[in-house]
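With mmCIF, C-alpha atoms inside, this is target.cif:
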```cif
data_run
loop_
_atom_site.label_atom_id
_atom_site.label_comp_id
_atom_site.auth_asym_id
_atom_site.auth_seq_id
_atom_site.Cartn_x
_atom_site.Cartn_y
_atom_site.Cartn_z
CA MET A 1 258.48 194.50 11.98
CA ILE A 2 255.20 195.25 13.67
CA GLY A 3 253.75 191.76 13.32
CA ARG A 4 250.30 191.09 14.73
CA LEU A 5 248.73 194.00 16.52
CA ILE A 6 245.98 194.33 19.04
CA VAL A 7 244.84 197.77 20.03
CA ALA A 8 242.93 198.25 23.25
CA LEU A 9 241.52 201.68 23.89
CA LEU A 10 240.83 202.13 27.56
CA LEU A 11 239.09 204.80 29.39
CA LEU A 12 240.85 206.11 32.46
CA GLY A 13 238.44 208.97 32.96
CA THR A 14 240.75 211.95 33.41
CA ILE A 15 238.45 214.92 32.88
CA VAL A 16 239.14 218.65 33.11
CA ARG A 17 235.92 219.95 34.68
CA ALA A 18 236.62 223.66 34.36
CA GLN A 19 235.27 225.26 31.22
CA ASP A 20 237.65 225.88 28.35
CA GLY A 21 235.98 228.61 26.32
CA ASP A 22 232.41 227.47 26.02
CA VAL A 23 233.15 223.73 26.15
CA THR A 24 232.89 221.53 29.25
CA LEU A 25 233.46 217.79 29.07
CA ARG A 26 230.92 215.92 31.17
CA MET A 27 231.86 212.30 30.48
CA ILE A 28 234.06 210.17 28.24
CA ARG A 29 234.18 206.40 27.77
CA SER A 30 235.21 203.72 25.28
CA TYR A 31 234.11 200.19 24.47
CA GLY A 32 234.69 197.37 22.01
CA ALA A 33 233.07 197.68 18.57
CA SER A 34 229.41 198.73 19.01
CA ASP A 35 228.87 196.81 22.26
CA GLU A 36 229.35 198.92 25.38
CA ARG A 37 229.66 195.78 27.51
CA LEU A 38 232.86 194.70 25.77
CA PRO A 39 236.30 195.77 26.96
CA PRO A 40 237.74 198.32 24.52
CA ILE A 41 240.21 196.10 22.72
CA ILE A 42 240.76 195.93 18.97
CA ILE A 43 242.33 192.99 17.20
CA LEU A 44 243.86 194.48 14.10
CA LYS A 45 245.63 191.38 12.84
CA SER A 46 246.35 188.06 14.47
CA THR A 47 246.84 184.44 13.56
CA GLU A 48 246.52 183.48 17.23
CA SER A 49 243.18 182.42 18.69
CA ASN A 50 242.05 185.15 21.10
CA ASP A 51 238.77 185.71 22.90
CA VAL A 52 239.63 189.29 23.92
CA GLY A 53 239.02 192.09 21.47
CA SER A 54 236.95 193.48 18.61
CA ASP A 55 237.50 194.90 15.14
CA PHE A 56 237.34 198.49 16.38
CA VAL A 57 236.57 200.62 19.42
CA THR A 58 234.12 203.43 19.92
CA VAL A 59 234.97 206.48 22.04
CA GLU A 60 232.07 208.56 23.34
CA PHE A 61 232.17 211.93 25.06
CA ASP A 62 229.42 214.27 26.23
CA VAL A 63 229.97 218.03 26.28
CA ALA A 64 228.11 221.16 27.34
CA SER A 65 228.56 223.80 24.66
CA GLN A 66 226.63 226.58 22.94
CA SER A 67 227.27 224.92 19.58
CA ILE A 68 229.00 221.85 18.22
CA PRO A 69 232.62 222.36 19.34
CA ASN A 70 235.72 222.07 17.22
CA LEU A 71 237.61 219.19 18.85
CA TYR A 72 240.50 216.97 17.88
CA ALA A 73 242.32 214.10 19.56
CA ARG A 74 246.07 213.43 19.61
CA ILE A 75 247.62 210.09 20.60
CA MET A 76 250.98 209.69 22.37
CA HIS A 77 252.99 206.56 23.13
CA CYS A 78 253.91 205.95 26.81
CA THR A 79 256.12 203.65 28.84
CA ALA A 80 254.71 200.75 30.83
CA ASP A 81 254.08 203.10 33.79
CA TRP A 82 252.36 205.73 31.61
CA GLN A 83 255.19 208.21 31.25
CA PRO A 84 255.37 209.80 27.75
CA SER A 85 257.98 208.04 25.60
CA ASP A 86 260.86 210.37 24.77
CA ASN A 87 261.20 208.97 21.29
CA GLY A 88 260.58 210.90 18.09
CA PHE A 89 260.00 207.72 16.11
CA LEU A 90 257.05 206.82 18.35
CA ASN A 91 255.41 210.18 18.98
CA ASP A 92 254.42 212.10 15.87
CA VAL A 93 252.60 215.40 16.50
CA THR A 94 250.61 214.85 13.31
CA ASN A 95 249.13 211.59 14.62
CA ARG A 96 245.78 213.18 15.43
CA THR A 97 242.17 213.03 14.32
CA SER A 98 239.18 215.34 14.08
CA LEU A 99 236.73 212.73 12.73
CA VAL A 100 233.81 213.09 15.15
CA ASP A 101 230.23 211.89 14.67
CA TRP A 102 228.01 214.33 16.59
CA SER A 103 224.49 213.92 17.96
CA ILE A 104 222.33 216.31 19.96
CA ALA A 105 220.84 215.68 23.40
CA PRO A 106 217.08 215.98 24.03
CA GLU A 107 215.86 219.58 24.02
CA ARG A 108 215.11 219.52 27.77
CA SER A 109 218.69 218.47 28.58
CA LYS A 110 220.41 220.94 30.92
CA TYR A 111 223.61 219.14 31.86
CA THR A 112 224.94 218.27 28.40
CA ARG A 113 224.12 219.26 24.84
CA TYR A 114 226.19 217.22 22.37
CA ARG A 115 227.60 213.71 22.21
CA GLY A 116 230.59 212.95 20.03
CA LYS A 117 231.82 209.56 18.86
CA MET A 118 235.23 208.64 17.47
CA VAL A 119 236.18 205.28 16.03
CA PHE A 120 239.73 203.97 16.38
CA PRO A 121 241.58 203.24 14.23
CA ASN A 122 240.41 205.66 11.55
CA PRO A 123 241.84 207.13 8.32
CA GLN A 124 243.55 209.99 10.17
CA THR A 125 245.37 208.01 12.89
CA THR A 126 247.96 205.25 12.71
CA ILE A 127 249.20 202.98 15.48
CA ARG A 128 252.52 201.53 14.40
CA PHE A 129 253.93 200.47 17.77
CA SER A 130 252.62 198.29 20.56
CA GLY A 131 252.49 199.59 24.12
CA ASN A 132 250.59 202.18 26.13
CA TRP A 133 249.01 205.10 24.32
CA LYS A 134 247.44 208.23 25.74
CA VAL A 135 244.64 210.07 23.93
CA THR A 136 244.28 213.79 24.64
CA LEU A 137 241.16 215.68 23.55
CA TYR A 138 241.70 219.33 22.58
CA ASN A 139 239.50 222.34 21.88
CA LEU A 140 240.66 223.43 18.43
CA ASP A 141 239.56 227.04 18.98
CA ASN A 142 242.13 227.71 21.72
CA ASP A 143 244.15 224.45 21.75
CA SER A 144 243.22 223.83 25.39
CA VAL A 145 243.02 220.33 26.85
CA ILE A 146 239.45 219.09 27.37
CA GLY A 147 240.21 215.63 28.74
CA GLU A 148 242.25 212.45 28.41
CA THR A 149 241.83 208.73 28.02
CA LYS A 150 244.24 205.87 27.27
CA PHE A 151 244.55 202.77 25.15
CA PHE A 152 246.84 199.79 24.70
CA ALA A 153 248.33 198.33 21.52
CA VAL A 154 249.43 194.68 21.67
CA ASP A 155 251.73 192.90 19.26
CA VAL A 156 250.60 189.31 19.86
CA ARG A 157 253.74 187.22 20.07
CA ALA A 158 253.09 185.26 23.25
CA SER A 159 250.23 183.41 24.94
CA MET A 160 248.86 183.97 28.45
CA ARG A 161 247.13 181.66 30.89
CA PHE A 162 245.77 182.41 34.38
CA ALA A 163 245.65 180.58 37.69
CA PHE A 164 243.35 181.95 40.43
CA MET A 165 243.70 181.02 44.10
CA THR A 166 241.74 182.29 47.08
CA ASP A 167 243.91 184.03 49.63
CA PHE A 168 243.60 186.12 52.78
CA TYR A 169 244.78 189.56 53.84
CA GLN A 170 244.41 191.81 56.87
CA PRO A 171 241.68 194.39 56.12
CA ARG A 172 241.60 197.73 57.90
CA PHE A 173 237.95 197.23 58.84
CA GLN A 174 236.04 194.36 60.44
CA VAL A 175 235.03 192.78 57.15
CA SER A 176 235.69 189.48 55.40
CA SER A 177 239.37 189.03 54.58
CA ILE A 178 239.03 187.10 51.31
CA ALA A 179 241.62 187.94 48.66
CA TYR A 180 242.99 186.53 45.41
CA THR A 181 246.42 185.39 44.38
CA ILE A 182 246.59 185.50 40.59
CA GLU A 183 249.31 184.00 38.42
CA ALA A 184 249.63 184.89 34.74
CA GLY A 185 251.90 182.62 32.76
CA VAL A 186 253.31 184.26 29.62
CA SER A 187 254.84 181.85 27.08
CA ASP A 188 256.60 182.49 23.77
CA ARG A 189 255.68 179.54 21.60
CA THR A 190 257.69 180.87 18.64
CA SER A 191 260.95 181.22 20.64
CA THR A 192 261.60 184.63 19.07
CA LEU A 193 261.49 186.71 22.27
CA LEU A 194 264.31 187.36 24.69
CA THR A 195 263.05 186.23 28.07
CA THR A 196 265.13 188.88 29.82
CA ASN A 197 263.21 191.60 27.95
CA LEU A 198 259.82 190.35 29.21
CA HIS A 199 259.71 192.54 32.29
CA THR A 200 256.26 193.65 33.50
CA LEU A 201 252.65 192.51 33.85
CA ALA A 202 249.79 194.96 34.50
CA LEU A 203 246.50 193.56 35.82
CA TYR A 204 243.13 195.38 35.80
CA ARG A 205 239.61 194.61 36.91
CA ASN A 206 237.46 194.90 33.80
CA HIS A 207 236.27 198.47 33.05
CA ARG A 208 238.34 199.85 35.95
CA TRP A 209 241.33 201.08 34.01
CA ASN A 210 242.69 203.47 36.64
CA GLU A 211 243.51 200.71 39.13
CA PRO A 212 246.41 198.61 37.78
CA PHE A 213 248.31 196.02 39.80
CA TYR A 214 251.92 195.56 38.68
CA ALA A 215 254.41 192.71 38.81
CA SER A 216 257.65 194.05 37.37
CA GLU A 217 261.39 193.52 37.19
CA ARG A 218 262.12 197.05 35.96
CA LEU A 219 259.47 199.52 37.10
CA MET A 220 260.69 201.26 40.23
CA SER A 221 258.25 204.18 40.15
CA VAL A 222 255.00 202.23 40.66
CA ARG A 223 253.60 200.96 43.94
CA ASN A 224 250.77 198.51 44.44
CA PRO A 225 248.09 199.24 47.05
CA SER A 226 249.09 198.50 50.62
CA GLY A 227 249.29 194.77 51.32
CA VAL A 228 249.33 193.64 47.68
CA GLY A 229 252.50 191.68 46.90
CA SER A 230 254.08 190.74 43.59
CA ASN A 231 256.69 188.33 42.34
CA ILE A 232 258.06 186.85 39.14
CA ILE A 233 258.55 183.28 40.19
CA GLY A 234 260.30 181.62 37.29
CA MET A 235 260.51 180.67 33.67
CA VAL A 236 258.17 178.35 31.80
CA GLN A 237 258.22 177.41 28.10
CA SER A 238 260.42 180.35 27.11
CA GLY A 239 258.43 182.75 29.26
CA LYS A 240 257.72 183.83 32.82
CA ILE A 241 255.07 183.52 35.51
CA PHE A 242 253.95 186.82 37.02
CA ARG A 243 252.34 186.52 40.45
CA LEU A 244 250.19 189.08 42.30
CA GLU A 245 249.23 188.25 45.89
CA ARG A 246 246.56 189.38 48.35
CA ILE A 247 244.37 191.36 45.95
CA PRO A 248 241.13 192.08 47.85
CA ALA A 249 238.31 190.10 46.27
CA GLN A 250 235.85 192.98 46.79
CA ASN A 251 232.16 192.37 46.07
CA GLU A 252 229.71 191.94 43.24
CA TYR A 253 228.77 195.36 41.95
CA ARG A 254 225.58 197.11 43.02
CA VAL A 255 223.16 198.04 40.23
CA LEU A 256 221.52 201.43 39.61
CA GLU A 257 218.75 200.85 37.07
CA LEU A 258 218.09 204.28 35.55
CA THR A 259 216.35 202.68 32.59
CA ASP A 260 213.26 202.51 34.84
CA MET A 261 211.42 205.66 33.72
CA ALA A 262 208.66 205.17 36.29
CA ARG A 263 211.08 205.09 39.21
CA TYR A 264 213.52 207.69 37.85
CA PRO A 265 211.56 210.13 35.68
CA PHE A 266 213.07 213.39 34.47
CA VAL A 267 211.40 216.07 36.60
CA GLY A 268 214.14 218.71 36.58
CA ALA A 269 215.05 218.02 40.22
CA PRO A 270 216.99 215.17 41.86
CA VAL A 271 215.00 211.96 42.21
CA SER A 272 215.88 210.04 45.37
CA MET A 273 216.46 206.32 45.51
CA PRO A 274 213.27 204.63 46.72
CA LEU A 275 215.22 202.90 49.53
CA SER A 276 218.61 203.60 51.03
CA ASP A 277 221.48 201.21 50.37
CA MET A 278 222.80 199.10 53.24
CA ARG A 279 226.23 197.88 54.32
CA ARG A 280 227.38 194.55 52.90
CA ASN A 281 230.02 192.12 54.12
CA GLY A 282 230.47 189.77 51.22
CA THR A 283 226.78 189.24 50.42
CA PHE A 284 224.88 190.34 47.33
CA ILE A 285 221.49 189.78 45.72
CA GLU A 286 221.95 190.01 41.95
CA ARG A 287 224.71 189.68 39.39
CA ALA A 288 225.93 192.88 37.81
CA ASP A 289 227.54 193.73 34.46
CA ASP A 290 231.25 193.33 35.23
CA GLY A 291 231.64 197.05 35.90
CA ALA A 292 230.13 198.30 32.63
CA MET A 293 227.57 201.00 31.93
CA THR A 294 224.84 199.86 29.51
CA THR A 295 222.47 202.24 27.77
CA ARG A 296 221.03 200.04 25.03
CA GLY A 297 217.25 200.24 24.83
CA ILE A 298 217.18 203.92 25.80
CA VAL A 299 215.31 205.82 23.08
CA GLY A 300 216.75 209.12 21.86
CA ALA A 301 214.15 211.25 23.62
CA ASN A 302 215.28 209.82 26.98
CA ASP A 303 219.02 209.48 26.26
CA GLU A 304 220.07 212.18 28.68
CA PHE A 305 221.67 212.88 32.05
CA VAL A 306 219.27 212.91 34.99
CA PRO A 307 219.80 214.24 38.54
CA VAL A 308 219.58 211.48 41.15
CA GLU A 309 220.03 211.42 44.94
CA ILE A 310 221.94 208.41 46.28
CA LEU A 311 221.20 207.35 49.87
CA LEU A 312 223.37 205.13 52.07
CA ASP A 313 222.55 203.93 55.59
CA PRO A 314 225.80 203.62 57.60
CA ASN A 315 224.19 201.35 60.20
CA PRO A 316 224.88 198.89 61.61
CA GLY A 317 228.39 200.04 62.28
CA GLY A 318 227.88 203.79 62.42
CA LEU A 319 229.57 206.63 60.61
CA SER A 320 232.83 206.11 58.80
CA ARG A 321 235.92 207.88 60.14
CA GLU A 322 236.84 208.63 56.53
CA ASP A 323 235.20 210.38 53.60
CA VAL A 324 232.63 208.32 51.70
CA PHE A 325 232.42 208.25 47.90
CA VAL A 326 230.16 206.75 45.24
CA VAL A 327 232.29 205.00 42.63
CA GLY A 328 231.04 203.30 39.49
CA SER A 329 230.54 203.20 35.76
CA PHE A 330 229.00 206.69 35.84
CA ASN A 331 232.36 208.24 36.84
CA ASN A 332 234.62 205.66 35.17
CA TRP A 333 235.45 204.13 38.55
CA THR A 334 237.55 207.23 39.29
CA PRO A 335 235.79 209.58 41.71
CA ASP A 336 236.70 213.15 42.62
CA LYS A 337 235.40 215.54 45.27
CA THR A 338 232.09 215.97 43.43
CA TRP A 339 231.29 212.31 44.17
CA MET A 340 231.81 212.59 47.94
CA MET A 341 228.73 211.94 50.11
CA TRP A 342 227.65 214.07 53.06
CA TYR A 343 225.95 212.87 56.23
CA ASP A 344 222.46 214.19 56.97
CA GLU A 345 221.89 213.98 60.73
CA SER A 346 218.14 214.53 60.37
CA MET A 347 217.80 211.50 58.08
CA ASN A 348 220.67 209.47 59.57
CA LEU A 349 221.82 208.79 56.01
CA TYR A 350 224.72 209.61 53.72
CA ARG A 351 223.48 211.57 50.70
CA LEU A 352 224.81 212.57 47.29
CA ARG A 353 223.10 214.48 44.49
CA GLN A 354 224.70 214.08 41.08
CA TRP A 355 223.99 213.85 37.36
CA PHE A 356 223.93 210.33 35.90
CA ARG A 357 223.59 209.27 32.30
CA ARG A 358 220.40 207.29 31.90
CA GLY A 359 221.18 203.58 31.69
CA ARG A 360 222.11 200.61 33.86
CA HIS A 361 225.11 201.35 36.07
CA ASN A 362 227.41 199.26 38.27
CA TYR A 363 228.79 200.89 41.42
CA LEU A 364 230.23 200.47 44.93
CA TYR A 365 230.73 202.64 48.02
CA ALA A 366 234.30 203.55 48.91
CA THR A 367 236.06 205.35 51.72
CA GLY A 368 239.19 207.48 51.60
CA ARG A 369 240.60 210.88 52.52
CA LEU A 370 240.14 213.93 50.31
CA ASN A 371 243.26 216.11 50.28
CA ALA A 372 241.99 219.68 50.46
CA ASP A 373 245.14 221.06 48.84
CA THR A 374 245.53 218.70 45.89
CA GLU A 375 241.90 217.51 45.72
CA GLN A 376 243.24 213.97 45.34
CA ILE A 377 241.60 211.04 47.14
CA MET A 378 244.07 209.11 49.25
CA ASP A 379 243.84 205.41 50.22
CA LEU A 380 240.58 204.71 48.40
CA SER A 381 239.16 201.45 49.73
CA PHE A 382 235.97 199.44 49.12
CA GLU A 383 236.22 197.42 52.34
CA GLU A 384 234.11 199.22 54.91
CA PHE A 385 230.70 199.18 53.22
CA GLU A 386 231.17 196.31 50.75
CA GLY A 387 233.39 193.61 52.25
CA ASN A 388 234.84 190.80 50.14
CA THR A 389 233.52 187.62 48.56
CA ALA A 390 235.12 185.10 46.21
CA SER A 391 231.66 184.68 44.65
CA ALA A 392 231.93 188.04 42.89
CA ASN A 393 232.33 187.29 39.20
CA ASN A 394 234.58 190.23 38.32
CA SER A 395 236.90 189.54 35.40
CA PHE A 396 240.56 190.59 35.25
CA ILE A 397 242.50 191.65 32.15
CA ALA A 398 246.31 191.51 32.02
CA PHE A 399 248.95 192.94 29.65
CA ALA A 400 252.54 191.63 29.36
CA TYR A 401 255.25 194.23 28.56
CA TYR A 402 258.37 193.55 26.53
CA ARG A 403 261.34 195.84 25.92
CA GLU A 404 261.46 196.17 22.13
CA LEU A 405 264.89 197.00 20.67
CA ASP A 406 263.75 198.59 17.39
CA TYR A 407 263.51 202.37 16.84
CA GLY A 408 265.73 203.15 19.82
CA GLY A 409 263.83 200.88 22.20
CA TYR A 410 260.41 201.13 23.80
CA ASP A 411 257.99 199.25 26.06
CA GLY A 412 255.77 197.12 23.86
CA ILE A 413 253.00 194.68 24.78
CA VAL A 414 253.24 191.12 23.49
CA ALA A 415 250.34 189.34 25.23
CA VAL A 416 246.89 190.05 26.64
CA GLY A 417 244.50 187.80 28.52
CA SER A 418 241.25 187.84 30.47
CA SER A 419 239.79 185.50 33.09
CA THR A 420 237.73 185.23 36.28
CA MET A 421 237.90 183.25 39.50
CA TYR A 422 235.53 180.73 37.93
CA LEU A 423 237.35 180.32 34.62
CA GLY A 424 241.00 180.42 35.71
CA ARG A 425 242.23 180.00 32.15
#
```

I need this file expressed as structure tokens, please.
Amino acid sequence: MIGRLIVALLLLGTIVRAQDGDVTLRMIRSYGASDERLPPIIILKSTESNDVGSDFVTVEFDVASQSIPNLYARIMHCTADWQPSDNGFLNDVTNRTSLVDWSIAPERSKYTRYRGKMVFPNPQTTIRFSGNWKVTLYNLDNDSVIGETKFFAVDVRASMRFAFMTDFYQPRFQVSSIAYTIEAGVSDRTSTLLTTNLHTLALYRNHRWNEPFYASERLMSVRNPSGVGSNIIGMVQSGKIFRLERIPAQNEYRVLELTDMARYPFVGAPVSMPLSDMRRNGTFIERADDGAMTTRGIVGANDEFVPVEILLDPNPGGLSREDVFVVGSFNNWTPDKTWMMWYDESMNLYRLRQWFRRGRHNYLYATGRLNADTEQIMDLSFEEFEGNTASANNSFIAFAYYRELDYGGYDGIVAVGSSTMYLGR
């Protein structure tokens, strides 16, 4: 019995940048209902009170193509650590959709031409099982993969409450050492769940769906970032308390306001920031948008991608010994080599020229090491240029995994919750 379902469609930003035929995916994202500030979570049916979720999610993707491409999306169920479920009951090759609402970019647009929107669920797709789901976007002309995203489905059979505590850790750089210890208590008020089958909790910062923290009794393949500890400390009201320790607090997000047409006009060439960004060590000026990209208020004639030059002053402190990246809502908080900055000795600044969708963006500066062979970024960290502060109002979203015994067994999700350092609920 499926019971009450919540579906949360999350963007993890895996994009194939090489052209497949005449189609190149530039960007993909998802959000709750019609509000891009909401986390992409759908409540399909629930008798429980829940402040997380919407009636549906919207998935947007921008493509460069000579004409409107023939695309379809297929969904696949995965285990708690995102491995495809080897279960024919769960993964049906016909569970796919081609229902796309297309719009055209402004005529002057050079970087992208069409924007597609999909709504989930829709008449062509069904989500019968809770757990992790992967969405793969295909080019129908040659059946090549264009890109991927992910979503969660939650069968609400347990409640979740949070406890936030400030903590400390040993940072690699000379920055503030503030961290969080977060406890998520998962309780089965109906006494219908087997406590031994409640095995994993995954914790995310809102809108940053590629950076999970895990507390698990069963997952042996996942590793938390260096220094982050986890524990399952006991049972409470027919449930468990999952504990994650020494999560760096990080900082309030910086804001890139590309809605300002006077400061960032479209001139066909990169427009530089009026002033370079500076290092921070736990200080910030303004509140951001919890990691979201917001484009409301942008009229159709200006709803485009614009080239912008980002400038960062490494002083005081000097050059980083590692590679420096710009990470934010414009690249789904998942950078690649195209988002790596270079140091201009004549200007004494780090610089990056990239295309950004016009809107209000949240972002941070990160350091790491780009592997030239695999093109993966190793040990990505936000410490050096941002520091940490417990005053940052970043929310966290957690999912509790349960080993369902039906249909041969699978990892389902039975609870979801969201909170901040200030709420602690």

What residues have an atom no more than 12 Å from (247.8, 181.5, 36.6) in the file's own frame, counting only C-alpha atoms, and can you write them as number ranges by chain?
A: 160-165, 180-187, 232-233, 236, 240-245, 396, 398, 417-421, 423-425

Can I get the selection written as an mmCIF file, in the frame of the given file, with C-alpha atoms?
```cif
data_model
loop_
_atom_site.group_PDB
_atom_site.id
_atom_site.type_symbol
_atom_site.label_atom_id
_atom_site.label_comp_id
_atom_site.auth_asym_id
_atom_site.auth_seq_id
_atom_site.Cartn_x
_atom_site.Cartn_y
_atom_site.Cartn_z
ATOM 1 C CA MET A 160 248.860 183.970 28.450
ATOM 2 C CA ARG A 161 247.130 181.660 30.890
ATOM 3 C CA PHE A 162 245.770 182.410 34.380
ATOM 4 C CA ALA A 163 245.650 180.580 37.690
ATOM 5 C CA PHE A 164 243.350 181.950 40.430
ATOM 6 C CA MET A 165 243.700 181.020 44.100
ATOM 7 C CA TYR A 180 242.990 186.530 45.410
ATOM 8 C CA THR A 181 246.420 185.390 44.380
ATOM 9 C CA ILE A 182 246.590 185.500 40.590
ATOM 10 C CA GLU A 183 249.310 184.000 38.420
ATOM 11 C CA ALA A 184 249.630 184.890 34.740
ATOM 12 C CA GLY A 185 251.900 182.620 32.760
ATOM 13 C CA VAL A 186 253.310 184.260 29.620
ATOM 14 C CA SER A 187 254.840 181.850 27.080
ATOM 15 C CA ILE A 232 258.060 186.850 39.140
ATOM 16 C CA ILE A 233 258.550 183.280 40.190
ATOM 17 C CA VAL A 236 258.170 178.350 31.800
ATOM 18 C CA LYS A 240 257.720 183.830 32.820
ATOM 19 C CA ILE A 241 255.070 183.520 35.510
ATOM 20 C CA PHE A 242 253.950 186.820 37.020
ATOM 21 C CA ARG A 243 252.340 186.520 40.450
ATOM 22 C CA LEU A 244 250.190 189.080 42.300
ATOM 23 C CA GLU A 245 249.230 188.250 45.890
ATOM 24 C CA PHE A 396 240.560 190.590 35.250
ATOM 25 C CA ALA A 398 246.310 191.510 32.020
ATOM 26 C CA GLY A 417 244.500 187.800 28.520
ATOM 27 C CA SER A 418 241.250 187.840 30.470
ATOM 28 C CA SER A 419 239.790 185.500 33.090
ATOM 29 C CA THR A 420 237.730 185.230 36.280
ATOM 30 C CA MET A 421 237.900 183.250 39.500
ATOM 31 C CA LEU A 423 237.350 180.320 34.620
ATOM 32 C CA GLY A 424 241.000 180.420 35.710
ATOM 33 C CA ARG A 425 242.230 180.000 32.150
#
```

Quick one: everything within 9 Å of Glu375 (chain A), counting only C-alpha atoms, minus sequence neighbours fewer than 4 positions away in the same chain. Send it as a ChimeraX atom specification.
/A:336-337,370-371

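With distances restricted to all atoms listed in the file, A:Glu383 is the closest residue to Ser177 (chain A) from A:Glu252, A:Asp406, A:Glu383, A:Glu148.
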
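Of the listed residues A:Gln124, A:Thr283, A:Thr294, A:Thr190, the one whose atoms come nearest to Asp35 (chain A) is A:Thr294, with distances taken using only C-alpha atoms.
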
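Close contacts of Met118 (chain A), defined as residues with an atom at most 6 Å away when counting all atoms listed in the file, with chain neighbours fewer than 3 positions off set aside, comprise A:Thr58, A:Val59, A:Val100.
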
Next, write the just-selected residues to a file, as an mmCIF file, in the coordinates of the input, keeping C-alpha atoms as the atom set.
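To be explicit, this is the file written out as result-v6.cif:
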```
data_model
loop_
_atom_site.group_PDB
_atom_site.id
_atom_site.type_symbol
_atom_site.label_atom_id
_atom_site.label_comp_id
_atom_site.auth_asym_id
_atom_site.auth_seq_id
_atom_site.Cartn_x
_atom_site.Cartn_y
_atom_site.Cartn_z
ATOM 1 C CA THR A 58 234.120 203.430 19.920
ATOM 2 C CA VAL A 59 234.970 206.480 22.040
ATOM 3 C CA VAL A 100 233.810 213.090 15.150
#
```

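The coordinates place CA of Asp22 (chain A) at 8.4 Å from CA of Pro69 (chain A).
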
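The spacing separating CA of Glu345 (chain A) from CA of Glu322 (chain A) amounts to 16.4 Å.
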
Output the residue selection produced by the PyMOL selection byres ((chain A and resi 314) around 12) on the file above, formatted as a PyMOL selection string.
chain A and resi 276-280+311-313+315-321+324+341-345+347-351+365+367+384-386

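Note that CA of Leu99 (chain A) and CA of Val299 (chain A) are 24.8 Å apart.
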
Distance query 8 Å from (248.6, 199.1, 43.8) using only C-alpha atoms, result as number ranges by chain
A: 211-214, 222-226, 228

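What the PyMOL selection byres ((chain A and resi 64) around 8) grabs from this file is Asp22, Val23, Thr24, Leu25, Arg26, Asp62, Val63, Ser65, Gln66, Tyr111, Thr112, Arg113 and Tyr114 of chain A.
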
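Minimum distance to Gln174 (chain A) across A:Arg108, A:Asn388, A:Arg357, A:Glu286 (counting all atoms listed in the file) occurs at A:Asn388.
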
From the set A:Ser67, A:Thr374, A:Asn231, A:Asn132, which residue has the shortest atom-to-atom contact distance to Gly412 (chain A), counting all atoms listed in the file?
A:Asn132

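When only C-alpha atoms are used to compute distances to Arg205 (chain A), the closest of the residues A:Ser54, A:Gln250, A:Ser98, A:Thr389 turns out to be A:Gln250.
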
Which residues are near Phe356 (chain A)? Cut-off 8 Å, all atoms listed in the file, ignore same chain within fewer than 4 positions. Put them as number ranges by chain.
A: 305-308, 330

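Of the listed residues A:Leu258, A:Ala415, A:Leu137, A:Leu405, the one whose atoms come nearest to Asn197 (chain A) is A:Leu405, with distances taken using all atoms listed in the file.
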
Since the input has fewer atoms than a full residue there, write region 352-362 of chain A out with N, CA and C atoms, as a PDB file, in the coordinates of the input.
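part07.pdb written:
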```pdb
ATOM      1  N   LEU A 352     224.076 211.967  48.395  1.00  0.00           N
ATOM      2  CA  LEU A 352     224.810 212.570  47.290  1.00  0.00           C
ATOM      3  C   LEU A 352     223.844 212.867  46.157  1.00  0.00           C
ATOM      4  N   ARG A 353     223.882 214.104  45.664  1.00  0.00           N
ATOM      5  CA  ARG A 353     223.100 214.480  44.490  1.00  0.00           C
ATOM      6  C   ARG A 353     224.051 214.712  43.332  1.00  0.00           C
ATOM      7  N   GLN A 354     223.819 213.984  42.233  1.00  0.00           N
ATOM      8  CA  GLN A 354     224.700 214.080  41.080  1.00  0.00           C
ATOM      9  C   GLN A 354     223.907 213.802  39.801  1.00  0.00           C
ATOM     10  N   TRP A 355     224.543 214.150  38.673  1.00  0.00           N
ATOM     11  CA  TRP A 355     223.990 213.850  37.360  1.00  0.00           C
ATOM     12  C   TRP A 355     224.502 212.497  36.897  1.00  0.00           C
ATOM     13  N   PHE A 356     223.594 211.656  36.390  1.00  0.00           N
ATOM     14  CA  PHE A 356     223.930 210.330  35.900  1.00  0.00           C
ATOM     15  C   PHE A 356     223.365 210.169  34.489  1.00  0.00           C
ATOM     16  N   ARG A 357     224.145 209.580  33.619  1.00  0.00           N
ATOM     17  CA  ARG A 357     223.590 209.270  32.300  1.00  0.00           C
ATOM     18  C   ARG A 357     222.567 208.151  32.446  1.00  0.00           C
ATOM     19  N   ARG A 358     221.434 208.314  31.779  1.00  0.00           N
ATOM     20  CA  ARG A 358     220.400 207.290  31.900  1.00  0.00           C
ATOM     21  C   ARG A 358     220.902 205.968  31.318  1.00  0.00           C
ATOM     22  N   GLY A 359     220.730 204.907  32.092  1.00  0.00           N
ATOM     23  CA  GLY A 359     221.180 203.580  31.690  1.00  0.00           C
ATOM     24  C   GLY A 359     221.261 202.686  32.917  1.00  0.00           C
ATOM     25  N   ARG A 360     221.892 201.554  32.763  1.00  0.00           N
ATOM     26  CA  ARG A 360     222.110 200.610  33.860  1.00  0.00           C
ATOM     27  C   ARG A 360     223.562 200.739  34.288  1.00  0.00           C
ATOM     28  N   HIS A 361     223.768 201.091  35.559  1.00  0.00           N
ATOM     29  CA  HIS A 361     225.110 201.350  36.070  1.00  0.00           C
ATOM     30  C   HIS A 361     225.510 200.299  37.102  1.00  0.00           C
ATOM     31  N   ASN A 362     226.811 200.039  37.192  1.00  0.00           N
ATOM     32  CA  ASN A 362     227.410 199.260  38.270  1.00  0.00           C
ATOM     33  C   ASN A 362     228.173 200.210  39.184  1.00  0.00           C
TER      34      ASN A 362
END
```
